[in-house]
Structures are given as C-alpha cells and as structure tokens.
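Trainee: Compact mmCIF, C-alpha atoms, file structure.txt:
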```txt
# COMPACT_ATOMS: atom_id res chain seq x y z
CA MET A 1169 0.00 0.00 0.00
CA SER A 1170 1.33 3.41 -0.99
CA ASN A 1171 1.73 5.95 1.79
CA LYS A 1172 1.02 8.84 -0.56
CA ILE A 1173 -2.13 10.75 0.38
CA THR A 1174 -4.12 11.81 -2.68
CA MET A 1175 -6.77 14.46 -3.20
CA GLN A 1176 -9.25 11.67 -3.90
CA GLN A 1177 -8.63 10.23 -0.43
CA ILE A 1178 -9.25 13.65 1.10
CA ALA A 1179 -12.42 14.03 -0.99
CA ASP A 1180 -13.71 10.62 0.11
CA SER A 1181 -13.11 11.33 3.81
CA VAL A 1182 -14.97 14.66 3.67
CA GLY A 1183 -17.71 13.58 1.25
CA VAL A 1184 -16.99 16.12 -1.51
CA SER A 1185 -15.59 15.87 -5.04
CA LYS A 1186 -11.91 15.79 -5.91
CA PHE A 1187 -12.52 19.04 -7.82
CA VAL A 1188 -13.63 20.79 -4.59
CA VAL A 1189 -10.48 19.57 -2.82
CA SER A 1190 -8.28 20.85 -5.66
CA LYS A 1191 -9.94 24.28 -5.61
CA THR A 1192 -9.58 24.49 -1.83
CA LEU A 1193 -5.91 23.58 -1.74
CA SER A 1194 -5.06 25.89 -4.63
CA GLY A 1195 -6.80 28.82 -2.95
CA LYS A 1196 -9.39 29.29 -5.69
CA GLY A 1197 -12.88 30.65 -5.05
CA GLY A 1198 -16.22 28.89 -5.32
CA VAL A 1199 -15.89 26.87 -2.09
CA SER A 1200 -17.82 27.78 1.05
CA GLU A 1201 -15.85 28.63 4.17
CA ALA A 1202 -17.33 25.69 6.07
CA THR A 1203 -16.36 23.24 3.31
CA ARG A 1204 -12.93 24.81 2.98
CA GLU A 1205 -12.28 24.30 6.70
CA ARG A 1206 -13.40 20.67 6.53
CA VAL A 1207 -11.15 19.94 3.55
CA ILE A 1208 -8.11 21.57 5.14
CA ALA A 1209 -8.71 19.78 8.44
CA ALA A 1210 -9.07 16.44 6.65
CA ALA A 1211 -5.91 17.02 4.64
CA ALA A 1212 -3.97 17.83 7.81
CA GLN A 1213 -5.38 14.82 9.66
CA LEU A 1214 -4.54 12.46 6.81
CA GLY A 1215 -0.96 13.76 6.71
CA TYR A 1216 -1.25 15.34 3.25
CA PHE A 1217 0.84 18.40 4.12
CA THR A 1218 3.80 16.34 5.30
CA GLN A 1219 4.37 15.10 1.76
CA LYS A 1220 7.17 16.59 -0.29
CA HIS A 1221 5.03 17.90 -3.15
CA ALA A 1222 1.91 18.83 -1.19
CA TYR A 1223 0.63 22.37 -1.57
CA MET A 1224 -2.02 24.72 -0.31
CA HIS A 1225 -2.68 28.38 -0.86
CA ALA A 1226 -3.68 29.06 2.73
CA ALA A 1227 -6.16 31.70 3.80
CA LYS A 1228 -5.09 34.22 6.42
CA THR A 1229 -6.12 33.33 9.95
CA GLU A 1230 -6.07 35.21 13.20
CA PRO A 1231 -3.75 33.78 15.89
CA THR A 1232 -5.45 32.20 18.89
CA ALA A 1233 -4.31 31.76 22.46
CA ASP A 1234 -6.23 28.46 22.80
CA PRO A 1235 -4.09 25.61 21.40
CA SER A 1236 -7.14 23.34 21.07
CA LYS A 1237 -8.59 25.69 18.47
CA ASN A 1238 -5.76 24.66 16.15
CA ARG A 1239 -7.28 21.19 16.07
CA GLN A 1240 -10.49 21.89 14.25
CA SER A 1241 -11.94 18.45 13.54
CA VAL A 1242 -13.32 15.43 15.33
CA LEU A 1243 -12.74 11.98 13.87
CA LEU A 1244 -15.92 9.92 13.49
CA LEU A 1245 -15.10 6.20 13.35
CA MET A 1246 -17.89 3.94 12.08
CA PRO A 1247 -16.61 0.79 10.37
CA ASN A 1248 -18.83 -0.14 7.43
CA ILE A 1249 -20.04 -3.53 8.66
CA ARG A 1250 -23.40 -5.28 8.31
CA PHE A 1251 -26.13 -2.63 8.33
CA GLN A 1252 -23.96 -0.05 10.09
CA THR A 1253 -23.60 2.65 7.42
CA LYS A 1254 -24.18 6.38 7.16
CA GLU A 1255 -27.14 5.62 4.84
CA SER A 1256 -28.85 3.64 7.64
CA LEU A 1257 -32.18 4.98 8.91
CA TYR A 1258 -30.73 4.59 12.43
CA TRP A 1259 -27.00 5.30 12.23
CA GLY A 1260 -27.45 8.09 9.71
CA ARG A 1261 -29.58 10.03 12.21
CA VAL A 1262 -26.96 9.54 14.95
CA MET A 1263 -24.35 10.98 12.59
CA ASP A 1264 -26.64 13.93 11.82
CA GLY A 1265 -26.72 14.72 15.54
CA ILE A 1266 -22.93 14.57 15.81
CA SER A 1267 -22.47 16.78 12.75
CA SER A 1268 -24.97 19.46 13.81
CA ARG A 1269 -23.53 19.69 17.34
CA LEU A 1270 -19.97 20.04 16.02
CA GLU A 1271 -21.02 22.72 13.54
CA GLN A 1272 -22.68 24.61 16.39
CA ASP A 1273 -19.24 25.19 17.93
CA GLY A 1274 -17.44 25.60 14.61
CA TYR A 1275 -15.77 22.18 14.41
CA GLY A 1276 -15.57 19.88 11.42
CA MET A 1277 -16.06 16.13 11.20
CA ILE A 1278 -13.94 13.56 9.38
CA ILE A 1279 -15.64 10.22 8.73
CA VAL A 1280 -13.53 7.06 8.74
CA SER A 1281 -15.11 3.70 7.88
CA GLU A 1282 -11.84 1.74 7.90
CA GLN A 1283 -11.94 -1.77 9.43
CA SER A 1284 -8.25 -2.67 9.09
CA VAL A 1285 -6.00 -1.61 11.98
CA GLU A 1286 -3.03 -1.26 9.62
CA HIS A 1287 -4.87 1.09 7.27
CA PHE A 1288 -6.40 3.00 10.17
CA VAL A 1289 -2.96 3.69 11.65
CA ASP A 1290 -1.76 4.90 8.24
CA ILE A 1291 -4.38 7.66 8.10
CA LEU A 1292 -4.45 8.54 11.78
CA ASN A 1293 -2.65 11.76 12.64
CA PRO A 1294 -3.46 12.66 16.27
CA SER A 1295 -1.97 16.14 16.00
CA GLY A 1296 -4.60 17.07 13.43
CA ILE A 1297 -7.75 16.13 15.37
CA LEU A 1298 -9.49 17.12 18.58
CA GLY A 1299 -10.79 13.67 19.57
CA LEU A 1300 -12.69 10.64 18.35
CA ILE A 1301 -16.32 9.52 18.48
CA GLY A 1302 -16.89 5.84 17.74
CA VAL A 1303 -20.34 4.92 16.46
CA GLY A 1304 -21.74 1.38 16.65
CA GLU A 1305 -19.80 -1.85 16.73
CA ILE A 1306 -16.01 -1.31 16.51
CA SER A 1307 -13.34 -3.97 16.86
CA THR A 1308 -11.22 -4.09 20.00
CA SER A 1309 -8.03 -3.81 17.93
CA LEU A 1310 -9.10 -0.46 16.44
CA LEU A 1311 -10.13 0.90 19.83
CA LEU A 1312 -6.87 -0.25 21.40
CA GLU A 1313 -4.92 1.73 18.80
CA VAL A 1314 -6.87 4.90 19.61
CA HIS A 1315 -6.42 4.30 23.34
CA ARG A 1316 -2.69 3.63 22.87
CA ILE A 1317 -2.03 7.06 21.39
CA GLY A 1318 -4.08 8.76 24.12
CA LEU A 1319 -6.72 10.34 21.88
CA PRO A 1320 -9.86 11.47 23.80
CA MET A 1321 -12.67 9.10 22.84
CA VAL A 1322 -16.43 8.60 23.33
CA LEU A 1323 -18.35 5.55 22.09
CA VAL A 1324 -22.01 5.63 20.99
CA ASP A 1325 -24.11 2.48 21.38
CA HIS A 1326 -21.03 0.38 22.03
CA GLU A 1327 -18.62 -0.48 24.84
CA ASP A 1328 -15.58 -2.69 25.19
CA ALA A 1329 -14.47 -4.32 28.43
CA LEU A 1330 -10.81 -3.75 27.49
CA ILE A 1331 -11.13 -0.06 26.65
CA PRO A 1332 -11.87 2.44 29.46
CA THR A 1333 -13.85 5.23 27.84
CA ASP A 1334 -17.00 7.34 28.09
CA THR A 1335 -20.09 5.84 26.44
CA VAL A 1336 -23.54 7.02 25.36
CA PHE A 1337 -26.51 4.64 25.07
CA ALA A 1338 -30.26 4.65 24.86
CA ASN A 1339 -31.72 3.11 28.02
CA ASN A 1340 -32.30 -0.23 26.31
CA TYR A 1341 -33.00 -2.31 29.41
CA GLU A 1342 -35.62 -0.01 30.87
CA SER A 1343 -37.39 0.59 27.54
CA VAL A 1344 -37.95 -3.09 26.72
CA TYR A 1345 -38.80 -3.81 30.37
CA ARG A 1346 -41.64 -1.27 30.12
CA LEU A 1347 -42.69 -2.53 26.70
CA THR A 1348 -42.90 -6.13 27.97
CA LYS A 1349 -44.91 -5.09 31.03
CA HIS A 1350 -47.35 -3.39 28.66
CA LEU A 1351 -47.80 -6.65 26.75
CA ILE A 1352 -48.30 -8.59 29.99
CA GLY A 1353 -50.97 -6.07 30.97
CA MET A 1354 -52.74 -6.88 27.70
CA GLY A 1355 -52.93 -10.55 28.65
CA HIS A 1356 -49.86 -11.93 26.87
CA ARG A 1357 -48.17 -14.78 28.71
CA ARG A 1358 -46.21 -16.59 26.00
CA MET A 1359 -43.66 -14.26 24.40
CA VAL A 1360 -40.37 -14.67 22.53
CA PHE A 1361 -37.55 -12.18 21.99
CA ILE A 1362 -36.02 -12.13 18.48
CA GLY A 1363 -32.43 -10.91 18.14
CA ASN A 1364 -28.86 -12.10 18.61
CA VAL A 1365 -27.80 -10.99 22.09
CA ALA A 1366 -24.15 -11.52 21.15
CA TYR A 1367 -24.39 -8.90 18.39
CA SER A 1368 -24.16 -5.84 20.65
CA ARG A 1369 -24.47 -4.68 24.24
CA SER A 1370 -27.70 -2.91 23.24
CA PHE A 1371 -29.32 -6.14 22.04
CA LEU A 1372 -28.24 -7.91 25.24
CA ASP A 1373 -29.66 -5.16 27.45
CA ARG A 1374 -32.96 -5.28 25.54
CA PHE A 1375 -33.23 -9.03 26.09
CA LEU A 1376 -32.38 -8.64 29.78
CA GLY A 1377 -35.14 -6.03 30.16
CA PHE A 1378 -37.57 -8.41 28.43
CA ARG A 1379 -36.63 -11.36 30.63
CA SER A 1380 -36.66 -9.31 33.83
CA ALA A 1381 -40.23 -8.10 33.18
CA LEU A 1382 -41.40 -11.65 32.46
CA GLU A 1383 -39.82 -13.12 35.58
CA GLU A 1384 -41.11 -10.28 37.76
CA ARG A 1385 -44.73 -10.51 36.59
CA LEU A 1386 -45.04 -14.18 35.55
CA PRO A 1387 -43.69 -16.70 38.09
CA GLU A 1388 -43.87 -19.50 35.49
CA ALA A 1389 -41.33 -17.63 33.32
CA ARG A 1390 -38.65 -18.16 35.97
CA LYS A 1391 -38.58 -21.86 35.09
CA LEU A 1392 -37.97 -21.25 31.39
CA ALA A 1393 -34.52 -21.66 29.86
CA LYS A 1394 -32.97 -18.89 27.81
CA ASP A 1395 -33.63 -20.81 24.59
CA ASP A 1396 -37.35 -20.92 25.42
CA LEU A 1397 -37.47 -17.12 25.38
CA LEU A 1398 -35.02 -16.28 22.60
CA LEU A 1399 -34.92 -16.71 18.82
CA SER A 1400 -31.35 -15.75 17.91
CA LEU A 1401 -31.36 -14.22 14.42
CA ASP A 1402 -29.09 -11.43 13.26
CA GLY A 1403 -26.79 -10.34 10.45
CA LEU A 1404 -29.10 -11.67 7.74
CA GLU A 1405 -30.29 -9.87 4.65
CA GLN A 1406 -33.97 -8.98 4.89
CA ALA A 1407 -35.15 -11.81 2.62
CA GLU A 1408 -33.13 -14.35 4.63
CA LEU A 1409 -34.45 -12.87 7.88
CA VAL A 1410 -38.05 -13.25 6.72
CA GLU A 1411 -37.47 -16.85 5.63
CA ALA A 1412 -35.77 -17.77 8.93
CA ILE A 1413 -38.65 -16.35 11.00
CA LYS A 1414 -41.14 -18.08 8.73
CA GLN A 1415 -39.52 -21.47 9.23
CA TRP A 1416 -39.37 -20.92 13.00
CA ALA A 1417 -43.09 -20.01 13.05
CA ILE A 1418 -44.02 -23.13 11.06
CA GLU A 1419 -42.08 -25.32 13.50
CA SER A 1420 -43.68 -23.55 16.48
CA MET A 1421 -47.18 -24.05 15.08
CA SER A 1422 -46.48 -27.73 14.43
CA ARG A 1423 -45.82 -28.03 18.19
CA ASN A 1424 -48.85 -25.86 19.09
CA ASP A 1425 -46.34 -23.49 20.67
CA LEU A 1426 -46.52 -20.23 18.74
CA PRO A 1427 -46.24 -17.22 21.10
CA THR A 1428 -48.92 -14.58 21.39
CA ALA A 1429 -46.33 -11.80 21.08
CA LEU A 1430 -42.89 -11.25 19.54
CA VAL A 1431 -40.57 -8.67 21.11
CA CYS A 1432 -37.98 -7.84 18.46
CA ALA A 1433 -34.52 -6.37 19.06
CA ASN A 1434 -35.06 -3.67 16.45
CA ASP A 1435 -37.55 -2.42 13.88
CA ARG A 1436 -35.87 -4.14 10.94
CA ILE A 1437 -36.37 -7.53 12.59
CA ALA A 1438 -39.95 -6.65 13.57
CA ILE A 1439 -40.86 -5.62 10.03
CA GLY A 1440 -39.39 -8.88 8.76
CA ALA A 1441 -41.43 -10.81 11.33
CA ILE A 1442 -44.67 -9.13 10.23
CA GLN A 1443 -43.93 -10.06 6.62
CA ALA A 1444 -43.08 -13.67 7.56
CA LEU A 1445 -46.29 -14.09 9.56
CA ALA A 1446 -48.39 -12.55 6.78
CA GLU A 1447 -46.97 -15.09 4.31
CA LEU A 1448 -48.22 -17.82 6.65
CA GLY A 1449 -51.71 -16.32 6.77
CA LEU A 1450 -51.32 -14.95 10.29
CA SER A 1451 -52.61 -11.46 11.00
CA VAL A 1452 -50.76 -8.89 13.13
CA PRO A 1453 -52.00 -8.00 15.72
CA GLU A 1454 -55.18 -10.14 15.67
CA ASN A 1455 -53.34 -13.47 15.77
CA ILE A 1456 -50.00 -12.34 17.18
CA SER A 1457 -48.61 -9.03 18.46
CA VAL A 1458 -45.21 -7.67 17.37
CA THR A 1459 -43.03 -4.90 18.82
CA GLY A 1460 -39.84 -3.31 17.50
CA TYR A 1461 -37.18 -0.93 18.76
CA ASP A 1462 -35.51 2.27 17.40
CA ASN A 1463 -38.47 3.95 15.63
CA ILE A 1464 -36.81 4.18 12.22
CA GLU A 1465 -38.84 5.88 9.49
CA ASP A 1466 -40.10 2.55 8.13
CA ALA A 1467 -41.70 1.75 11.51
CA TYR A 1468 -44.71 4.05 11.05
CA ARG A 1469 -44.91 3.24 7.34
CA SER A 1470 -45.39 -0.47 7.97
CA ASP A 1471 -48.86 -1.99 7.71
CA PRO A 1472 -50.01 -1.84 10.43
CA PRO A 1473 -47.75 0.84 11.95
CA LEU A 1474 -45.25 -0.71 14.34
CA THR A 1475 -45.37 -0.46 18.13
CA THR A 1476 -41.81 0.44 19.09
CA ALA A 1477 -39.45 2.36 21.38
CA HIS A 1478 -38.36 5.72 20.00
CA VAL A 1479 -34.59 6.14 20.35
CA PRO A 1480 -33.60 9.85 20.29
CA LYS A 1481 -30.98 9.18 17.63
CA GLU A 1482 -29.86 12.75 16.95
CA ALA A 1483 -29.71 13.37 20.70
CA LEU A 1484 -27.35 10.39 21.10
CA GLY A 1485 -24.98 12.03 18.62
CA LYS A 1486 -25.19 15.45 20.24
CA LYS A 1487 -24.66 14.04 23.71
CA ALA A 1488 -21.54 12.19 22.49
CA VAL A 1489 -20.04 15.46 21.23
CA GLU A 1490 -20.79 17.22 24.52
CA ARG A 1491 -19.22 14.35 26.48
CA LEU A 1492 -16.13 14.49 24.27
CA PHE A 1493 -15.77 18.24 24.91
CA GLY A 1494 -16.21 17.57 28.63
CA ARG A 1495 -13.55 14.85 28.57
CA ILE A 1496 -11.09 17.12 26.76
CA ALA A 1497 -11.65 19.87 29.34
CA ASN A 1498 -11.40 17.50 32.32
CA LYS A 1499 -9.20 14.55 31.45
CA ASN A 1500 -9.05 13.14 35.01
CA GLU A 1501 -12.76 13.02 35.79
CA PRO A 1502 -14.37 9.57 36.32
CA LEU A 1503 -15.60 7.91 33.14
CA GLU A 1504 -19.31 8.25 32.40
CA LYS A 1505 -21.91 5.91 30.92
CA ILE A 1506 -24.75 8.16 29.76
CA MET A 1507 -28.19 6.66 29.05
CA LEU A 1508 -31.01 8.54 27.34
CA THR A 1509 -34.66 7.67 28.01
CA CYS A 1510 -36.75 6.34 25.12
CA ASP A 1511 -40.44 7.03 24.51
CA LEU A 1512 -42.73 4.06 23.88
CA LEU A 1513 -44.97 4.39 20.83
CA TYR A 1514 -48.04 2.16 21.01
CA ARG A 1515 -49.28 1.68 17.46
CA GLY A 1516 -51.17 -0.94 15.49
CA THR A 1517 -49.09 -4.12 15.93
CA THR A 1518 -50.05 -4.86 19.55
CA TYR A 1519 -53.44 -6.01 20.78
CA PRO A 1520 -54.91 -7.74 23.85
CA VAL A 1521 -54.89 -11.52 23.69
CA ASN A 1522 -58.02 -12.78 21.94
CA GLU A 1523 -58.81 -16.26 23.21
CA ASP A 1524 -61.27 -16.88 20.36
CA LYS A 1525 -58.36 -16.80 17.92
CA THR A 1526 -56.02 -19.00 19.93
CA ALA A 1527 -56.92 -22.09 17.91
CA LYS A 1528 -55.97 -20.41 14.63
CA ARG A 1529 -52.74 -19.24 16.15
CA HIS A 1530 -51.75 -22.80 16.94
CA ARG A 1531 -52.66 -24.39 13.61
CA LEU A 1532 -50.63 -24.60 10.46
CA PRO A 1533 -52.26 -22.72 7.55
CA GLY A 1534 -54.69 -24.91 5.61
CA LYS A 1535 -55.07 -27.51 8.39
CA PRO A 1536 -58.38 -28.03 10.25
```
Could you render the structure as structure tokens?
Mentor:
Amino acid sequence: MSNKITMQQIADSVGVSKFVVSKTLSGKGGVSEATRERVIAAAAQLGYFTQKHAYMHAAKTEPTADPSKNRQSVLLLMPNIRFQTKESLYWGRVMDGISSRLEQDGYGMIIVSEQSVEHFVDILNPSGILGLIGVGEISTSLLLEVHRIGLPMVLVDHEDALIPTDTVFANNYESVYRLTKHLIGMGHRRMVFIGNVAYSRSFLDRFLGFRSALEERLPEARKLAKDDLLLSLDGLEQAELVEAIKQWAIESMSRNDLPTALVCANDRIAIGAIQALAELGLSVPENISVTGYDNIEDAYRSDPPLTTAHVPKEALGKKAVERLFGRIANKNEPLEKIMLTCDLLYRGTTYPVNEDKTAKRHRLPGKP
C-alpha cells in the first residue's frame, strides 16, 4: 500500500468531489468557508501536508491563544459492517446529531469507515484532530490503537471491556422492560424475543429487560430456559431474515407453541417478522402481536404501523459530542456511561390476547 495521500482520499473522507479539494488547496474561489475548513482539516489529519510535493494556498487566519482551536476536527469512526452505514435509517440520524452539534461550535467532522487496523494507523494523525467519536460496533483492535495514542474518545451504542472510555446509550433495558410489562398487561403470557444478544451490548440489554419483566410478573417464566425465550437471528439480509422467522413459526405451530407476542430487538427484525407471519396467513396483531425498537422511518410506514421504542438518535450524537468536549476539558474526571430515556410508541401491531383466535394461532395454515 502506498503511503502517498491523494486528493481523492481527502475528498472521500470529507464527502466532496476531488474538484472541490483541488480548488480548496489551490486557494481558488467557489468553495464555502465551512467546506474549505473541513477539507483543510481532513488534509492535515490524513498527513497530506507532510508530503514533499503537497501544496495549499492558505487563507489568512487570526492567531489564537487556545491551542485546542488549532485542532479543528473530530474523527468519526464507524466501520462499514453489516447494516452499520451512514445511509442507515438509524446510524445516519446519529451521525446527523454529531455533525450538527460540532457545527454549532465551529468544528468539522472527518468520517472514517476503515476496518483494518493497519490502514487505520496509516491515516491517523493525532496532532490534526481534537478527539474521536466511535459509532456502533467497533473492533477491540481499532479501539486499542486509539487508546494507545491517548486520543480522547467517546463511544455511541457500544462499549468494550478492554477499553476504558466514556459511552452514550439509549436506556435499552428499561425501555424493553416497560414494553414487555405493557404486553403482559394486555394478557400476553407466552412471548419470545427475536435478536442475537451476542451482536451488541444494546441487544443484550434489551433481552435482559424483556426477561426481567417476564420473571417479575409471571412466576412461570422463571422456570424457562434462555432458549425458550429467545430466537437468535441477526446479520441476515432482509429476505433471509423473513425466511428464517417463517420457518421458525411453522415449527412452532407444528408443536402448538406459537407465542402470542414477539418482542424484536429492532424495527428491521420486527418488520421482517410481520412479513413472515403474513406469508403464513397470520394477521398482526389479531393473531399475534409484534413490537420493534428504534423507531426508524419505516416503523410508522409499515402496515399496520409498528409499536416500538423511540430512540432519540440525533440526541445520542449530540450528547456524544458534549461528552467528548467535557472529557477534553477535564481529562481526570471519572468515566461516564450516559443513558437517554426512550419514549414508547403504542401503534397498530399490539393487541390484547383474543382467546377466540387462539386455535388459529396454533394451527398450520390450511389444516383443520
């Protein structure tokens, strides 16, 4: 791999064209001040100006007595894995919150989606950035490299037992605990959680909130094994997800053991579950209730609209920026784990248990 930093690399990290980078570095007009600052900060962070033939026609700047103001950008690390992309209906909104809060104080943002530690080290230039915000699942090896160089860091929706750092989460446990108690109040006694608890700390906390509510309100649930309460599905494309849930439902109905409610780890899984049940001739919520989590835009567009927990996604991003600024100002303060409360949105996919329809719920389609 060449160590030469190109204008195209700078353009990709900022999200502009190579032409805009060229105009910025040559001092030509036609580029907004905000974009110019982002390009220059990205070029400095990537190490462009340390190259022999690098150039920039720099604008005049006023000197500042605050050394931190010479480090104008925050590095946003979000490895492009699974459904964790800036185009995501969930992660994209978190990034919007980070960006708007940084712009409020005049800072830029440099997005890095690198997964390789070697490549990440090649582009990392600590002297050119203020700190780092990690979004979503990030490998321990990448986080160790950031920790090794002493860069201030805050993680959003992720934590690592080996990396001491500030974190920002939605209150996943409490939200699903409340959601499950709501279902119990509607008469549901047989429920299953869908989601791979090994995928993220958030998914695990959601399952723990689900199980805690069951065991608190339903003594019989205390005797159930984890596998009786959990359908572990994750990392599948939507079509594969739908098919997997469909096959599980068919097997459950063959045993007369289909739950009355499905508590899903996120909205994407819930929407897949609704589709799978519909293909089997089961109606949501008349035959089975379904809940999601996150409140992505597709949640209220589904038919029927999805009962879910609304995660304040932009607020997660803004809070991460504020915590990073606080950490930079007070490096020796105790680490913080910040949790934001979620609102529960009761929509059309949950309904009280209807005993008259229990028989249909426990029969395979087409069988008497």
Trainee: Please, what distance in Å, to one decimal, runs between CA of Asn1463 in chain A and CA of Val1410 in chain A?
Mentor: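 CA of Asn1463 in chain A sits 19.4 Å away from CA of Val1410 in chain A.
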Trainee: Just give me the gap between CA of Ala1179 in chain A and CA of Gly1198 in chain A in Å, one decimal is fine.
Mentor: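 CA of Gly1198 in chain A lies at a distance of 15.9 Å from CA of Ala1179 in chain A.
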Trainee: Enclose all atoms of range 1359-1376 of chain A listed in the file in an axis-aligned box, grow every side by 8 Å, and hand back centre and edge lengths in Å to one decimal, as JSON.
Mentor:
```
{"center_x": -33.9, "center_y": -8.8, "center_z": 24.0, "size_x": 35.5, "size_y": 27.8, "size_z": 27.6}
```
Trainee: Please provide the set of residues having any atom within 9 Å of range 1495-1503 of chain A, restricted to only C-alpha atoms, with same-chain residues fewer than 6 positions apart removed, written as a count of residues only.
Mentor: 9
Trainee: Could you check how far CA of Thr1203 in chain A sits from CA of Lys1487 in chain A, in Å to one decimal?
Mentor: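 Distance between the two atoms: 23.9 Å.
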Trainee: Would you kindly identify which residues have an atom no farther than 6 Å from (-47.3, -10.1, 20.2), using all atoms listed in the file and the file's own coordinates, and write them out as a PDB file with C-alpha atoms, in the frame of the given file?
Mentor:
```pdb
ATOM      1  CA  THR A1428     -48.920 -14.580  21.390  1.00  0.00           C
ATOM      2  CA  ALA A1429     -46.330 -11.800  21.080  1.00  0.00           C
ATOM      3  CA  LEU A1430     -42.890 -11.250  19.540  1.00  0.00           C
ATOM      4  CA  ILE A1456     -50.000 -12.340  17.180  1.00  0.00           C
ATOM      5  CA  SER A1457     -48.610  -9.030  18.460  1.00  0.00           C
ATOM      6  CA  VAL A1458     -45.210  -7.670  17.370  1.00  0.00           C
ATOM      7  CA  THR A1518     -50.050  -4.860  19.550  1.00  0.00           C
TER       8      THR A1518
END
```
Trainee: So, with all atoms listed in the file as the atoms that count, which of A:Val1280, A:Met1421, A:Val1489, A:Ala1441 lies closest to Leu1399 in chain A?
Mentor: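 So, comparing all the options, the nearest one is A:Ala1441.
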Trainee: Find the residues around Arg1379 in chain A up to 9 Å (only C-alpha atoms counted), leave out those fewer than 4 positions away in its own chain, and share them as a PyMOL selection string.
Mentor: chain A and resi 1345+1348+1361+1374-1375+1383-1384+1389-1390+1394+1397
Trainee: For a cutoff of 6 Å around the file-coordinate point (-42.1, -3.0, 11.6), which residues qualify once you count only C-alpha atoms? I'd like the result as a ChimeraX atom specification.
Mentor: /A:1435,1438-1439,1467,1470,1474
Trainee: Might you pull out every residue within 10 Å of Gly1318 in chain A, with only C-alpha atoms counted and same-chain residues fewer than 4 positions away left off, and present them as a PyMOL selection string?
Mentor: chain A and resi 1294+1299+1312-1314
Trainee: Counting only C-alpha atoms, figure out which residue out of A:Gln1415, A:Asn1364, A:Ser1241, A:Ser1343 gets nearest to Asp1462 in chain A.
Mentor: A:Ser1343
Trainee: Considering only C-alpha atoms, return as a PyMOL selection string whatever protein or nucleic-acid residues lie within 8 Å of Thr1509 in chain A, sequence-local ones (same chain, fewer than 6 positions apart) excluded.
Mentor: chain A and resi 1338-1339+1343+1479
Trainee: Taking into account all atoms listed in the file, which residue in the set A:Val1242, A:Ile1279, A:Val1262, A:Val1344 is nearest to Asp1180 in chain A?
Mentor: A:Ile1279
Trainee: Looking at all atoms listed in the file, which of A:Lys1505, A:Arg1261, A:Arg1358, A:Arg1385 is the one that sits closest to Arg1346 in chain A?
Mentor: A:Arg1385
Trainee: Between A:Arg1357, A:Arg1436, A:Lys1481, A:Arg1515, which one has atoms that come closest to Tyr1468 in chain A, using all atoms listed in the file?
Mentor: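 Closest candidate: A:Arg1515.
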Trainee: Identify which of the residues A:Val1431, A:Val1324, A:Ile1301, A:Val1182 lies closest to Val1360 in chain A, counting all atoms listed in the file when measuring atom-to-atom distances.
Mentor: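 Smallest separation from Val1360 in chain A among the options: A:Val1431.
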Trainee: Can range 1266-1281 of chain A be brought up to N, CA and C atoms and written out as a PDB file, in the frame of the given file?
Mentor:
```pdb
ATOM      1  N   ILE A1266     -24.350  14.255  15.567  1.00  0.00           N
ATOM      2  CA  ILE A1266     -22.930  14.570  15.810  1.00  0.00           C
ATOM      3  C   ILE A1266     -22.519  15.767  14.960  1.00  0.00           C
ATOM      4  N   SER A1267     -22.865  15.724  13.681  1.00  0.00           N
ATOM      5  CA  SER A1267     -22.470  16.780  12.750  1.00  0.00           C
ATOM      6  C   SER A1267     -23.040  18.139  13.149  1.00  0.00           C
ATOM      7  N   SER A1268     -24.338  18.172  13.486  1.00  0.00           N
ATOM      8  CA  SER A1268     -24.970  19.460  13.810  1.00  0.00           C
ATOM      9  C   SER A1268     -24.401  20.053  15.102  1.00  0.00           C
ATOM     10  N   ARG A1269     -24.078  19.180  16.076  1.00  0.00           N
ATOM     11  CA  ARG A1269     -23.530  19.690  17.340  1.00  0.00           C
ATOM     12  C   ARG A1269     -22.101  20.210  17.152  1.00  0.00           C
ATOM     13  N   LEU A1270     -21.319  19.547  16.303  1.00  0.00           N
ATOM     14  CA  LEU A1270     -19.970  20.040  16.020  1.00  0.00           C
ATOM     15  C   LEU A1270     -20.014  21.369  15.285  1.00  0.00           C
ATOM     16  N   GLU A1271     -20.902  21.476  14.311  1.00  0.00           N
ATOM     17  CA  GLU A1271     -21.020  22.720  13.540  1.00  0.00           C
ATOM     18  C   GLU A1271     -21.444  23.879  14.436  1.00  0.00           C
ATOM     19  N   GLN A1272     -22.230  23.577  15.463  1.00  0.00           N
ATOM     20  CA  GLN A1272     -22.680  24.610  16.390  1.00  0.00           C
ATOM     21  C   GLN A1272     -21.509  25.336  17.048  1.00  0.00           C
ATOM     22  N   ASP A1273     -20.426  24.595  17.309  1.00  0.00           N
ATOM     23  CA  ASP A1273     -19.240  25.190  17.930  1.00  0.00           C
ATOM     24  C   ASP A1273     -18.114  25.430  16.928  1.00  0.00           C
ATOM     25  N   GLY A1274     -18.415  25.274  15.643  1.00  0.00           N
ATOM     26  CA  GLY A1274     -17.440  25.600  14.610  1.00  0.00           C
ATOM     27  C   GLY A1274     -16.411  24.531  14.316  1.00  0.00           C
ATOM     28  N   TYR A1275     -16.699  23.275  14.685  1.00  0.00           N
ATOM     29  CA  TYR A1275     -15.770  22.180  14.410  1.00  0.00           C
ATOM     30  C   TYR A1275     -16.225  21.373  13.206  1.00  0.00           C
ATOM     31  N   GLY A1276     -15.269  20.756  12.535  1.00  0.00           N
ATOM     32  CA  GLY A1276     -15.570  19.880  11.420  1.00  0.00           C
ATOM     33  C   GLY A1276     -15.604  18.427  11.855  1.00  0.00           C
ATOM     34  N   MET A1277     -15.964  17.555  10.918  1.00  0.00           N
ATOM     35  CA  MET A1277     -16.060  16.130  11.200  1.00  0.00           C
ATOM     36  C   MET A1277     -15.424  15.351  10.047  1.00  0.00           C
ATOM     37  N   ILE A1278     -14.571  14.406  10.381  1.00  0.00           N
ATOM     38  CA  ILE A1278     -13.940  13.560   9.380  1.00  0.00           C
ATOM     39  C   ILE A1278     -14.412  12.126   9.612  1.00  0.00           C
ATOM     40  N   ILE A1279     -15.063  11.554   8.601  1.00  0.00           N
ATOM     41  CA  ILE A1279     -15.640  10.220   8.730  1.00  0.00           C
ATOM     42  C   ILE A1279     -14.637   9.175   8.267  1.00  0.00           C
ATOM     43  N   VAL A1280     -14.404   8.172   9.091  1.00  0.00           N
ATOM     44  CA  VAL A1280     -13.530   7.060   8.740  1.00  0.00           C
ATOM     45  C   VAL A1280     -14.317   5.764   8.899  1.00  0.00           C
ATOM     46  N   SER A1281     -14.384   4.975   7.826  1.00  0.00           N
ATOM     47  CA  SER A1281     -15.110   3.700   7.880  1.00  0.00           C
ATOM     48  C   SER A1281     -14.156   2.523   7.763  1.00  0.00           C
TER      49      SER A1281
END
```
